[in-house]
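J.: File protein-v2.cif follows (mmCIF, C-alpha atoms):
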```
data_model
loop_
_atom_site.group_PDB
_atom_site.id
_atom_site.type_symbol
_atom_site.label_atom_id
_atom_site.label_comp_id
_atom_site.auth_asym_id
_atom_site.auth_seq_id
_atom_site.Cartn_x
_atom_site.Cartn_y
_atom_site.Cartn_z
ATOM 1 C CA MET A 10 -23.911 -59.636 10.064
ATOM 2 C CA ARG A 11 -22.615 -61.412 13.154
ATOM 3 C CA ARG A 12 -22.973 -60.570 16.845
ATOM 4 C CA ARG A 13 -20.363 -58.196 18.244
ATOM 5 C CA SER A 14 -19.525 -60.546 21.096
ATOM 6 C CA ARG A 15 -18.295 -63.184 18.633
ATOM 7 C CA VAL A 16 -16.003 -61.093 16.451
ATOM 8 C CA SER A 17 -13.274 -58.528 16.812
ATOM 9 C CA GLU A 18 -14.004 -54.803 16.477
ATOM 10 C CA THR A 19 -12.139 -54.565 13.158
ATOM 11 C CA ILE A 20 -14.085 -57.418 11.593
ATOM 12 C CA GLU A 21 -17.306 -55.934 12.953
ATOM 13 C CA LYS A 22 -16.645 -52.560 11.309
ATOM 14 C CA PHE A 23 -15.887 -54.279 8.008
ATOM 15 C CA SER A 24 -19.078 -56.298 8.352
ATOM 16 C CA VAL A 25 -21.121 -53.141 8.913
ATOM 17 C CA ILE A 26 -19.651 -51.534 5.780
ATOM 18 C CA LYS A 27 -20.406 -54.621 3.670
ATOM 19 C CA THR A 28 -23.926 -54.744 5.108
ATOM 20 C CA LEU A 29 -24.576 -51.099 4.167
ATOM 21 C CA GLN A 30 -23.240 -51.683 0.660
ATOM 22 C CA ALA A 31 -25.470 -54.728 0.236
ATOM 23 C CA ILE A 32 -28.518 -52.753 1.401
ATOM 24 C CA GLU A 33 -27.832 -49.917 -1.065
ATOM 25 C CA LYS A 34 -27.489 -52.337 -3.995
ATOM 26 C CA SER A 35 -30.643 -54.288 -3.183
ATOM 27 C CA ASN A 36 -34.276 -53.930 -4.184
ATOM 28 C CA VAL A 37 -35.597 -56.227 -1.464
ATOM 29 C CA VAL A 38 -33.859 -56.984 1.845
ATOM 30 C CA ILE A 39 -34.416 -60.277 3.688
ATOM 31 C CA TYR A 40 -33.360 -59.887 7.315
ATOM 32 C CA LEU A 41 -33.167 -63.093 9.313
ATOM 33 C CA ILE A 42 -33.911 -63.066 13.048
ATOM 34 C CA ASP A 43 -33.209 -66.085 15.248
ATOM 35 C CA ALA A 44 -36.611 -66.677 16.820
ATOM 36 C CA ARG A 45 -35.015 -68.405 19.808
ATOM 37 C CA GLU A 46 -32.946 -65.323 20.690
ATOM 38 C CA GLY A 47 -35.630 -62.721 20.067
ATOM 39 C CA ILE A 48 -35.117 -59.218 18.697
ATOM 40 C CA THR A 49 -31.935 -57.513 19.872
ATOM 41 C CA ASP A 50 -30.874 -53.846 19.859
ATOM 42 C CA GLN A 51 -28.475 -54.700 17.052
ATOM 43 C CA ASP A 52 -31.384 -56.064 15.002
ATOM 44 C CA ALA A 53 -33.315 -52.813 15.552
ATOM 45 C CA HIS A 54 -30.247 -50.758 14.552
ATOM 46 C CA LEU A 55 -29.602 -52.655 11.326
ATOM 47 C CA LEU A 56 -33.263 -52.641 10.384
ATOM 48 C CA GLY A 57 -33.257 -48.890 10.940
ATOM 49 C CA LEU A 58 -30.540 -48.669 8.274
ATOM 50 C CA VAL A 59 -32.774 -50.616 5.891
ATOM 51 C CA LEU A 60 -35.550 -48.089 6.529
ATOM 52 C CA GLU A 61 -33.190 -45.152 5.917
ATOM 53 C CA ALA A 62 -32.213 -46.709 2.584
ATOM 54 C CA GLY A 63 -35.913 -47.048 1.723
ATOM 55 C CA ARG A 64 -35.722 -50.712 0.760
ATOM 56 C CA ALA A 65 -38.562 -53.218 0.693
ATOM 57 C CA LEU A 66 -38.179 -55.527 3.656
ATOM 58 C CA ILE A 67 -38.947 -59.098 4.678
ATOM 59 C CA ILE A 68 -38.249 -60.021 8.281
ATOM 60 C CA GLY A 69 -37.541 -63.750 8.227
ATOM 61 C CA LEU A 70 -38.260 -65.422 11.560
ATOM 62 C CA ASN A 71 -35.847 -68.349 11.457
ATOM 63 C CA LYS A 72 -36.348 -71.508 13.598
ATOM 64 C CA TRP A 73 -39.984 -70.496 14.096
ATOM 65 C CA ASP A 74 -41.185 -74.086 14.175
ATOM 66 C CA GLY A 75 -38.779 -74.895 17.014
ATOM 67 C CA ILE A 76 -40.153 -72.491 19.634
ATOM 68 C CA SER A 77 -43.183 -72.663 21.921
ATOM 69 C CA THR A 78 -46.440 -70.734 21.562
ATOM 70 C CA GLU A 79 -45.402 -68.542 24.483
ATOM 71 C CA GLN A 80 -42.104 -67.678 22.772
ATOM 72 C CA LYS A 81 -43.967 -66.877 19.548
ATOM 73 C CA ASN A 82 -46.246 -64.500 21.450
ATOM 74 C CA THR A 83 -43.177 -62.831 22.962
ATOM 75 C CA ILE A 84 -41.614 -62.361 19.515
ATOM 76 C CA ASN A 85 -44.846 -60.869 18.157
ATOM 77 C CA ARG A 86 -44.941 -58.386 21.068
ATOM 78 C CA GLN A 87 -41.329 -57.444 20.406
ATOM 79 C CA LEU A 88 -42.148 -56.846 16.736
ATOM 80 C CA ASP A 89 -44.949 -54.486 17.764
ATOM 81 C CA VAL A 90 -42.808 -52.579 20.281
ATOM 82 C CA LYS A 91 -39.155 -52.639 19.192
ATOM 83 C CA LEU A 92 -39.890 -52.595 15.468
ATOM 84 C CA SER A 93 -43.007 -50.421 15.432
ATOM 85 C CA PHE A 94 -41.286 -48.163 12.869
ATOM 86 C CA LEU A 95 -41.360 -51.084 10.417
ATOM 87 C CA ASP A 96 -45.101 -51.645 10.336
ATOM 88 C CA PHE A 97 -44.942 -51.934 6.524
ATOM 89 C CA ALA A 98 -42.473 -54.874 6.563
ATOM 90 C CA GLU A 99 -43.530 -58.442 5.719
ATOM 91 C CA LYS A 100 -43.010 -60.992 8.513
ATOM 92 C CA HIS A 101 -42.266 -64.499 7.251
ATOM 93 C CA PRO A 102 -41.672 -67.574 9.494
ATOM 94 C CA ILE A 103 -39.139 -70.015 8.059
ATOM 95 C CA SER A 104 -36.886 -72.901 9.036
ATOM 96 C CA ALA A 105 -33.538 -72.822 7.236
ATOM 97 C CA LEU A 106 -32.734 -76.288 8.612
ATOM 98 C CA HIS A 107 -35.908 -78.036 7.443
ATOM 99 C CA GLY A 108 -36.652 -75.749 4.509
ATOM 100 C CA SER A 109 -40.211 -74.923 5.599
ATOM 101 C CA GLY A 110 -41.459 -71.540 4.376
ATOM 102 C CA VAL A 111 -38.405 -70.993 2.157
ATOM 103 C CA GLY A 112 -40.181 -71.764 -1.131
ATOM 104 C CA LYS A 113 -42.956 -69.253 -0.484
ATOM 105 C CA LEU A 114 -40.363 -66.684 0.553
ATOM 106 C CA PHE A 115 -39.371 -66.021 -3.045
ATOM 107 C CA ASP A 116 -43.009 -65.430 -4.028
ATOM 108 C CA VAL A 117 -43.066 -62.702 -1.364
ATOM 109 C CA VAL A 118 -39.805 -61.254 -2.745
ATOM 110 C CA HIS A 119 -41.350 -60.864 -6.205
ATOM 111 C CA LYS A 120 -44.440 -59.213 -4.726
ATOM 112 C CA LEU A 121 -42.338 -56.714 -2.777
ATOM 113 C CA TYR A 122 -40.159 -55.977 -5.791
ATOM 114 C CA ASP A 123 -43.239 -55.097 -7.830
ATOM 115 C CA SER A 124 -44.389 -52.729 -5.072
ATOM 116 C CA ALA A 125 -40.990 -51.034 -4.757
ATOM 117 C CA MET A 126 -40.733 -50.480 -8.526
ATOM 118 C CA LEU A 127 -44.364 -49.460 -9.059
ATOM 119 C CA ASP A 128 -45.157 -46.922 -11.797
ATOM 120 C CA MET A 129 -47.681 -44.343 -10.576
ATOM 121 C CA SER A 130 -49.466 -41.945 -12.918
ATOM 122 C CA THR A 131 -50.040 -38.293 -12.018
ATOM 123 C CA PRO A 132 -53.865 -38.486 -12.463
ATOM 124 C CA ALA A 133 -54.066 -41.546 -10.192
ATOM 125 C CA LEU A 134 -51.910 -39.985 -7.476
ATOM 126 C CA THR A 135 -53.804 -36.686 -7.646
ATOM 127 C CA ARG A 136 -57.102 -38.552 -7.348
ATOM 128 C CA ILE A 137 -55.852 -40.387 -4.246
ATOM 129 C CA LEU A 138 -54.638 -37.089 -2.780
ATOM 130 C CA LYS A 139 -58.041 -35.472 -3.280
ATOM 131 C CA GLU A 140 -59.795 -38.471 -1.717
ATOM 132 C CA ALA A 141 -57.492 -38.244 1.293
ATOM 133 C CA THR A 142 -58.072 -34.512 1.800
ATOM 134 C CA VAL A 143 -61.830 -34.900 1.493
ATOM 135 C CA ALA A 144 -61.863 -37.710 4.062
ATOM 136 C CA HIS A 145 -59.633 -35.737 6.421
ATOM 137 C CA GLN A 146 -58.968 -32.062 5.625
ATOM 138 C CA PRO A 147 -55.525 -30.529 6.167
ATOM 139 C CA PRO A 148 -55.314 -28.259 9.234
ATOM 140 C CA ILE A 149 -55.753 -24.487 9.314
ATOM 141 C CA VAL A 150 -52.577 -22.454 9.851
ATOM 142 C CA ASN A 151 -52.659 -18.693 10.464
ATOM 143 C CA THR A 152 -56.411 -18.548 9.658
ATOM 144 C CA ARG A 153 -55.801 -20.245 6.286
ATOM 145 C CA ARG A 154 -56.289 -23.931 5.496
ATOM 146 C CA ILE A 155 -53.310 -25.697 3.972
ATOM 147 C CA LYS A 156 -54.041 -26.544 0.333
ATOM 148 C CA LEU A 157 -52.753 -29.694 -1.359
ATOM 149 C CA LYS A 158 -53.314 -29.396 -5.096
ATOM 150 C CA TYR A 159 -51.806 -32.323 -7.022
ATOM 151 C CA ALA A 160 -49.301 -35.180 -6.779
ATOM 152 C CA HIS A 161 -46.884 -36.970 -9.102
ATOM 153 C CA GLN A 162 -44.258 -39.699 -8.891
ATOM 154 C CA GLY A 163 -40.793 -38.633 -7.786
ATOM 155 C CA GLY A 164 -38.967 -41.957 -7.803
ATOM 156 C CA ARG A 165 -38.974 -45.710 -7.248
ATOM 157 C CA ASN A 166 -37.284 -48.102 -4.840
ATOM 158 C CA PRO A 167 -38.753 -46.708 -2.642
ATOM 159 C CA PRO A 168 -41.879 -45.221 -4.241
ATOM 160 C CA ILE A 169 -41.763 -41.431 -3.859
ATOM 161 C CA VAL A 170 -44.851 -39.219 -4.158
ATOM 162 C CA VAL A 171 -44.311 -35.479 -4.625
ATOM 163 C CA ILE A 172 -47.228 -33.371 -3.380
ATOM 164 C CA HIS A 173 -47.636 -29.742 -4.468
ATOM 165 C CA GLY A 174 -49.635 -27.221 -2.508
ATOM 166 C CA VAL A 175 -49.621 -24.053 -0.420
ATOM 167 C CA GLN A 176 -48.085 -23.854 3.078
ATOM 168 C CA THR A 177 -46.985 -27.488 2.850
ATOM 169 C CA ASP A 178 -44.037 -26.711 5.140
ATOM 170 C CA ALA A 179 -46.590 -26.158 7.927
ATOM 171 C CA LEU A 180 -48.098 -29.652 7.659
ATOM 172 C CA PRO A 181 -47.865 -31.435 11.029
ATOM 173 C CA THR A 182 -46.144 -34.818 11.257
ATOM 174 C CA SER A 183 -49.423 -36.514 12.178
ATOM 175 C CA TYR A 184 -51.069 -35.397 8.914
ATOM 176 C CA LYS A 185 -48.048 -36.467 6.862
ATOM 177 C CA ARG A 186 -48.264 -39.892 8.493
ATOM 178 C CA TYR A 187 -51.976 -40.029 7.657
ATOM 179 C CA LEU A 188 -51.242 -39.279 3.992
ATOM 180 C CA MET A 189 -48.442 -41.864 3.905
ATOM 181 C CA ASN A 190 -50.723 -44.599 5.225
ATOM 182 C CA TYR A 191 -53.532 -43.509 2.891
ATOM 183 C CA PHE A 192 -51.327 -43.705 -0.212
ATOM 184 C CA ARG A 193 -49.849 -47.041 0.877
ATOM 185 C CA ASP A 194 -53.318 -48.497 1.328
ATOM 186 C CA LYS A 195 -54.766 -47.173 -1.938
ATOM 187 C CA LEU A 196 -51.704 -48.184 -3.969
ATOM 188 C CA LYS A 197 -51.762 -51.626 -2.322
ATOM 189 C CA LEU A 198 -48.036 -51.482 -1.546
ATOM 190 C CA SER A 199 -46.586 -54.584 0.109
ATOM 191 C CA GLY A 200 -43.498 -54.587 2.297
ATOM 192 C CA THR A 201 -42.047 -51.331 0.987
ATOM 193 C CA PRO A 202 -41.853 -47.925 2.625
ATOM 194 C CA ILE A 203 -43.275 -44.954 0.757
ATOM 195 C CA ARG A 204 -41.842 -41.467 0.903
ATOM 196 C CA LEU A 205 -43.715 -38.202 0.511
ATOM 197 C CA GLU A 206 -42.103 -34.937 -0.569
ATOM 198 C CA PHE A 207 -43.940 -31.631 -0.264
ATOM 199 C CA LYS A 208 -43.487 -28.614 -2.528
ATOM 200 C CA SER A 209 -44.817 -25.068 -2.151
ATOM 201 C CA PRO A 210 -44.414 -22.115 -4.561
ATOM 202 C CA VAL A 211 -41.342 -20.033 -3.779
ATOM 203 C CA ASN A 212 -41.923 -16.301 -3.355
ATOM 204 C CA PRO A 213 -38.800 -14.627 -4.846
ATOM 205 C CA PHE A 214 -39.589 -11.415 -2.925
ATOM 206 C CA HIS A 215 -39.946 -13.081 0.466
ATOM 207 C CA GLY A 216 -37.911 -11.183 3.059
ATOM 208 C CA GLN A 217 -37.161 -8.309 0.681
ATOM 209 C CA LYS A 218 -38.254 -4.751 1.306
ATOM 210 C CA LYS A 219 -40.618 -3.272 -1.222
ATOM 211 C CA LYS A 220 -38.831 -0.887 -3.591
ATOM 212 C CA LEU A 221 -40.478 2.528 -3.724
ATOM 213 C CA THR A 222 -41.519 4.047 -7.022
ATOM 214 C CA GLU A 223 -40.245 7.495 -8.031
ATOM 215 C CA TRP A 224 -43.682 8.978 -7.266
ATOM 216 C CA GLU A 225 -43.671 7.444 -3.755
ATOM 217 C CA VAL A 226 -40.152 8.815 -3.095
ATOM 218 C CA GLN A 227 -41.190 12.364 -4.091
ATOM 219 C CA LYS A 228 -44.346 12.134 -2.010
ATOM 220 C CA ARG A 229 -42.366 11.173 1.083
ATOM 221 C CA LEU A 230 -39.958 14.089 0.504
ATOM 222 C CA ARG A 231 -42.859 16.544 0.276
ATOM 223 C CA LEU A 232 -44.391 15.191 3.476
ATOM 224 C CA ALA A 233 -41.039 15.429 5.232
ATOM 225 C CA LYS A 234 -40.654 19.087 4.237
ATOM 226 C CA ARG A 235 -44.126 19.944 5.502
ATOM 227 C CA ALA A 236 -43.398 18.265 8.792
ATOM 228 C CA LYS A 237 -40.345 20.498 9.499
ATOM 229 C CA PRO A 238 -41.060 23.225 12.122
ATOM 230 C CA LYS A 239 -41.062 26.833 10.779
ATOM 231 C CA LYS A 240 -38.373 29.235 12.101
ATOM 232 C CA GLU A 241 -39.754 32.341 13.906
#
```
Show the structure stored in the file as structure tokens.
T.:
Amino acid sequence: MRRRSRVSETIEKFSVIKTLQAIEKSNVVIYLIDAREGITDQDAHLLGLVLEAGRALIIGLNKWDGISTEQKNTINRQLDVKLSFLDFAEKHPISALHGSGVGKLFDVVHKLYDSAMLDMSTPALTRILKEATVAHQPPIVNTRRIKLKYAHQGGRNPPIVVIHGVQTDALPTSYKRYLMNYFRDKLKLSGTPIRLEFKSPVNPFHGQKKKLTEWEVQKRLRLAKRAKPKKE
């Protein structure tokens, strides 16, 4: 996708649409950043779309060998600040002009593809879940600790882990992030995001008033009659 300052608005909109279509069809996205220009707001926006699509990601730092050590340090700081939401992504310095780093790039692509399409068994995921909860217990909500019982695979590209438990809707964001990082580490995922989905049993009677039995109705009628004042 090209810079907005170099193209008309119509072409830019068309370019955005084609970019989104390409992201949706891909298993692994290689996003090239011009190391001499640094990371722009447009880069952050487009990379956010890659994250929303859940695709494995390689950030290619083009023209890396043509910048100074100080510029490289600046780029690394920008990666940590502007793209902190992409901490899972692989960063790969290359030079499209000289071809350096390009050959190894495709080895990284294959590694990321394997991570994105990983098959995960229910026993393995449940074991990881139990290890995570033992190392760091879920919080207590309304005097009761949240229980996470078992996990299974819910999808691939990106890997999706479905976790079943009680009161999972009360899990704080910080604990969900902890679980996400724990699963990513234990599954040895490279360059791909991982998504967690939480399921709790549904109470079909939630919000409904309890229906009285015939005996309870008659009892209430008797009590109501006794409570009426006697006429003198």
J.: Work out how far apart atom CA of Met189 of chain A and atom CA of Asp96 of chain A are and give it in Å to one decimal.
T.: 12.2 Å
J.: Which one is closest to Ile172 of chain A: A:Lys81, A:Lys22, A:Lys27, A:Arg204? Count all atoms listed in the file.
T.: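 Ranking A:Lys81, A:Lys22, A:Lys27, A:Arg204 by distance to Ile172 of chain A, first place goes to A:Arg204.
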J.: Which value, in Å to one decimal, gives the distance between atom CA of His145 of chain A and atom CA of Lys185 of chain A?
T.: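 About the pair atom CA of His145 of chain A and atom CA of Lys185 of chain A: they are 11.6 Å apart.
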J.: Figure out the distance between atom CA of Gly174 of chain A and atom CA of Met129 of chain A, please, to one decimal in Å.
T.: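 One can read the atom CA of Met129 of chain A to atom CA of Gly174 of chain A distance as 19.0 Å.
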J.: So that I can check the surroundings of Glu99 of chain A, please list as a list in words every protein, DNA and RNA residue that reaches within 8 Å of it, counting only C-alpha atoms and ignoring chain neighbours fewer than 2 positions away.
T.: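 Counting only C-alpha atoms, the residues come to Leu66, Ile67, Ile68, Phe97, His101, Ser199 and Gly200 of chain A.
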J.: Once the PyMOL selection byres ((chain A and resi 74) around 12) has been applied to the shown file, what residues remain in the selection, as a ChimeraX atom specification?
T.: /A:43-45,70-73,75-78,80-81,101-110
J.: Take the selection from the previous step and output its residues with C-alpha atoms, as a compact mmCIF listing (two decimals), keeping the file's coordinate frame.
T.:
```txt
# COMPACT_ATOMS: atom_id res chain seq x y z
CA ASP A 43 -33.21 -66.08 15.25
CA ALA A 44 -36.61 -66.68 16.82
CA ARG A 45 -35.02 -68.40 19.81
CA LEU A 70 -38.26 -65.42 11.56
CA ASN A 71 -35.85 -68.35 11.46
CA LYS A 72 -36.35 -71.51 13.60
CA TRP A 73 -39.98 -70.50 14.10
CA GLY A 75 -38.78 -74.90 17.01
CA ILE A 76 -40.15 -72.49 19.63
CA SER A 77 -43.18 -72.66 21.92
CA THR A 78 -46.44 -70.73 21.56
CA GLN A 80 -42.10 -67.68 22.77
CA LYS A 81 -43.97 -66.88 19.55
CA HIS A 101 -42.27 -64.50 7.25
CA PRO A 102 -41.67 -67.57 9.49
CA ILE A 103 -39.14 -70.02 8.06
CA SER A 104 -36.89 -72.90 9.04
CA ALA A 105 -33.54 -72.82 7.24
CA LEU A 106 -32.73 -76.29 8.61
CA HIS A 107 -35.91 -78.04 7.44
CA GLY A 108 -36.65 -75.75 4.51
CA SER A 109 -40.21 -74.92 5.60
CA GLY A 110 -41.46 -71.54 4.38
```
